[in-house]
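All remarks here apply to the structure that follows.
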Amino acid sequence: MQHVTLNNGVEMPILGFGVYQIPPEETERAVSEALVAGYRLLDTAAAYGNEEAVGRAIKSSGVPRQDLFVTTKLWIQDAPAEENTRRAVETSLAKLGLDHVDLYLMHQPFGDVYGQWRGMEAVHREGLAKAIGVANFYPDRLLDLVVNNEVTPAVNQIETHPFFQRVADQDLMREHGVQIQSWGGFAEGRNDLFTNALLSGIGADHDKSVAQVVLRWLVQRGVVAIPKSVRAERMAENFDIFDFELTDDQMAAIATLDKGTSLFFDHRDAEAVGWLAKRRLDG
């Protein structure tokens, strides 16, 4: 497994397993199968409602804790967000059955962002999170956070796939020592990704699937990927991407697929922001 080194020296696998939209009743089995397949980076969130199932899978797996890299995320916190953040991480740790997470992300760039970040900095100082970062931050919001706070986010997890490649965003992150991580790497199959002629042709050249080509394209760009599946054979297939390399011409060809816009959720759209602002987690 290849790793990236975060800005505080913590090593993070470049390929992991995400559990977004996996129902809690299926999550324990899926995570257990992912660990058997070789995944060591697990990505969940308070908002996903399946942290407890992830924790059960970790406990029963027999995989030493030091071999795992566990990420969870802080949902939008109202003031006093600094205090609420401490309670939120303690709740997540209790559900996961862990004494720390390897990465704790601010899930959305909304609410009392600075209060949340101060709380996360405290969580980091106390060792409850080995690294802290953000998700869904566009460059302006990310840079504002970087220049006005003590700790620079280690990671920014954003929508990144062949149709929304975020090259300029990645360049800015690299300049400031922030690791880019992809969510939605397969674009949830939108724009007929899995039957795309270009990606299929590249896959045929390497005897690989479109999914494997996309994941290889991500990791070759230095993007951490967290594909999701509930099928063991797909998990194994997605993990099998380190025995081939895309050529410069193939990388350039995939670059032509970029549409430069989100396929899911525009974090700068007022209606979308209003919808998120109304979402709160119980407990």
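Naming works like this for the structure tokens: A, B, ... for the chains as they're shown, residue 1 at the start of each chain, ligands 1 onward in shown order.
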Can you pull out every residue within 12 Å of A:Arg166, counting only C-alpha atoms, but drop anything in the same chain fewer than 2 positions away, and send it as an mmCIF file with C-alpha atoms, in the first residue's frame?
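Wrote it out as result_15.cif, contents follow:
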```cif
data_model
loop_
_atom_site.group_PDB
_atom_site.id
_atom_site.type_symbol
_atom_site.label_atom_id
_atom_site.label_comp_id
_atom_site.auth_asym_id
_atom_site.auth_seq_id
_atom_site.Cartn_x
_atom_site.Cartn_y
_atom_site.Cartn_z
ATOM 1 C CA ASN A 136 -15.946 20.423 1.175
ATOM 2 C CA PHE A 137 -13.907 23.620 1.505
ATOM 3 C CA TYR A 138 -13.497 25.602 -1.698
ATOM 4 C CA PRO A 139 -10.161 27.437 -2.124
ATOM 5 C CA ASN A 156 -9.388 18.621 2.545
ATOM 6 C CA GLN A 157 -11.846 15.937 1.415
ATOM 7 C CA ILE A 158 -13.734 17.174 -1.642
ATOM 8 C CA GLU A 159 -15.745 15.901 -4.583
ATOM 9 C CA THR A 160 -13.111 14.725 -7.071
ATOM 10 C CA HIS A 161 -13.708 12.465 -10.084
ATOM 11 C CA PRO A 162 -13.000 12.466 -13.846
ATOM 12 C CA PHE A 163 -15.834 14.936 -14.526
ATOM 13 C CA PHE A 164 -14.815 17.359 -11.721
ATOM 14 C CA ALA A 168 -6.395 24.188 -9.503
ATOM 15 C CA ASP A 169 -7.806 23.363 -6.070
ATOM 16 C CA GLN A 170 -5.198 20.642 -5.658
ATOM 17 C CA ASP A 171 -2.439 23.048 -6.685
ATOM 18 C CA LEU A 172 -3.520 25.498 -3.965
ATOM 19 C CA MET A 173 -3.674 22.718 -1.380
ATOM 20 C CA ILE A 180 -6.409 16.436 -1.210
ATOM 21 C CA GLN A 181 -8.782 13.518 -0.658
ATOM 22 C CA SER A 182 -11.568 12.471 -2.995
ATOM 23 C CA TRP A 183 -15.150 11.695 -2.194
ATOM 24 C CA GLY A 185 -14.490 9.204 -6.989
ATOM 25 C CA LEU A 218 -6.635 9.419 -8.619
ATOM 26 C CA ARG A 221 -2.310 12.333 -9.087
ATOM 27 C CA VAL A 223 -5.240 12.035 -4.422
ATOM 28 C CA ALA A 255 -7.983 15.287 -18.206
ATOM 29 C CA LEU A 257 -13.239 14.649 -19.366
ATOM 30 C CA ASP A 258 -13.257 17.481 -16.816
ATOM 31 C CA LYS A 259 -16.485 19.521 -16.901
ATOM 32 C CA GLY A 260 -15.344 21.835 -14.116
ATOM 33 C CA THR A 261 -18.540 21.680 -12.083
ATOM 34 C CA SER A 262 -20.076 19.579 -9.314
#
```
Checklist entry - Got a sec: who's within 6 Å of stretch 233-244 of chain A, counting only C-alpha atoms, leaving out chain neighbours fewer than 6 positions off, as a PyMOL selection string? => result chain A and resi 37+212+216
Dump as a PDB file, in the first residue's frame, selection limited to N, CA and C atoms:
```
ATOM      1  N   ALA A  37      -9.991  -7.736   2.783  1.00  0.00           N
ATOM      2  CA  ALA A  37      -9.445  -7.455   1.450  1.00  0.00           C
ATOM      3  C   ALA A  37      -8.135  -6.682   1.514  1.00  0.00           C
ATOM      4  N   GLN A 212     -11.094   0.547 -11.731  1.00  0.00           N
ATOM      5  CA  GLN A 212      -9.665   0.476 -11.432  1.00  0.00           C
ATOM      6  C   GLN A 212      -8.891   1.593 -12.124  1.00  0.00           C
ATOM      7  N   ARG A 216      -6.794   4.354 -10.146  1.00  0.00           N
ATOM      8  CA  ARG A 216      -5.370   4.513 -10.481  1.00  0.00           C
ATOM      9  C   ARG A 216      -5.077   5.957 -10.885  1.00  0.00           C
TER      10      ARG A 216
END
```
Item to check | Selected residue of minimal separation from A:Leu42 among A:Glu90, A:Glu82, A:Glu25, A:Asp102, counting only C-alpha atoms | outcome: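 Of the candidates, the smallest distance to A:Leu42 is held by A:Asp102.
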Item to check | d(atom CA of A:Ala45, atom CA of A:Gln116) in Å | outcome: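 Atom CA of A:Gln116 lies at a distance of 15.5 Å from atom CA of A:Ala45.
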Shell of 8 Å around A:Ser200, only C-alpha atoms, local chain residues under 4 positions omitted, as a compact mmCIF listing (two decimals) with C-alpha atoms, in the first residue's frame:
```txt
# COMPACT_ATOMS: atom_id res chain seq x y z
CA PHE A 194 -18.70 3.00 -16.02
CA THR A 195 -19.39 2.74 -19.75
CA ASN A 196 -17.37 5.78 -20.81
CA ALA A 204 -8.76 -2.63 -21.97
CA SER A 209 -11.98 -2.22 -15.17
CA VAL A 210 -13.13 1.39 -15.48
```
Checklist entry - Closest to A:Trp217 among A:Glu11, A:Asp248, A:Asp43, A:Glu52, using only C-alpha atoms? => result A:Asp248
Checklist entry - Which residue gives the smallest distance to A:Met106 among A:Lys59, A:Glu83, A:Lys278, A:Ala46, with only C-alpha atoms counted? => result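 With only C-alpha atoms as the atom set, the closest residue is A:Ala46.
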Checklist entry - How far is it from atom CA of A:Ala30 to atom CA of A:Pro227, in Å with one decimal? => result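 So the two atoms, atom CA of A:Ala30 and atom CA of A:Pro227, lie 12.2 Å apart.
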Item to check | DSSP-assigned strand (DSSP E) members of stretch 61-144 of chain A, reported as a list in words | outcome: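 Here are the strand (DSSP E) residues of stretch 61-144 of chain A: Phe69, Val70, Thr71, Thr72, Lys73, Leu74, Leu103, Tyr104, Leu105, Met106, Ile132, Gly133, Val134 and Ala135 of chain A.
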Checklist entry - So what do you get for atom CA of A:Ala34 versus atom CA of A:Asp205, distance-wise? => result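 Computed distance, atom CA of A:Ala34 to atom CA of A:Asp205, equals 27.3 Å.
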Item to check | For A:Val213, the nearest of the candidates A:Glu271, A:Glu188, A:Glu245, A:Asp144, counting only C-alpha atoms | outcome: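 Looking at the shortest contact to A:Val213, the residue is A:Glu245.
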Next on the checklist: Set the distance at 6 Å and use only C-alpha atoms: which residues neighbour A:Gly111 once local chain neighbours fewer than 6 positions away are removed? I'd like the list as JSON, numbers by chain.
Outcome noted: {"A": [76, 77, 78]}
Checklist entry - Could you name the residues that touch stretch 95-98 of chain A at 7 Å or less, counting only C-alpha atoms, but leaving out those on the same chain fewer than 2 positions away, as a PyMOL selection string? => result chain A and resi 51-52+54-55+91-93+100
Checklist entry - Can you tell me, as a list of chain:residue names, what residues are no more than 9 Å from A:Asn8 when counting only C-alpha atoms, ignoring any on the same chain fewer than 3 positions away? => result A:Thr5, A:Glu11, A:Lys130, A:Ala131, A:Ala154
Item to check | Selection: 10 Å around stretch 145-148 of chain A, only C-alpha atoms, excl. self and same-chain fewer than 2 positions, as a PyMOL selection string | outcome: chain A and resi 109+113-114+117+134+137+139-143+150-153+176-178
Next on the checklist: Nearest residue to A:Thr27 out of A:Trp75, A:Phe264, A:Tyr48, A:Tyr39, using only C-alpha atoms?
Outcome noted: A:Tyr48
Item to check | In stretch 74-252 of chain A, DSSP helix (DSSP H, G or I) residues written as a ChimeraX atom specification | outcome: /A:81-96,113-125,139-147,167-175,187-195,197-206,210-220,232-239,248-252
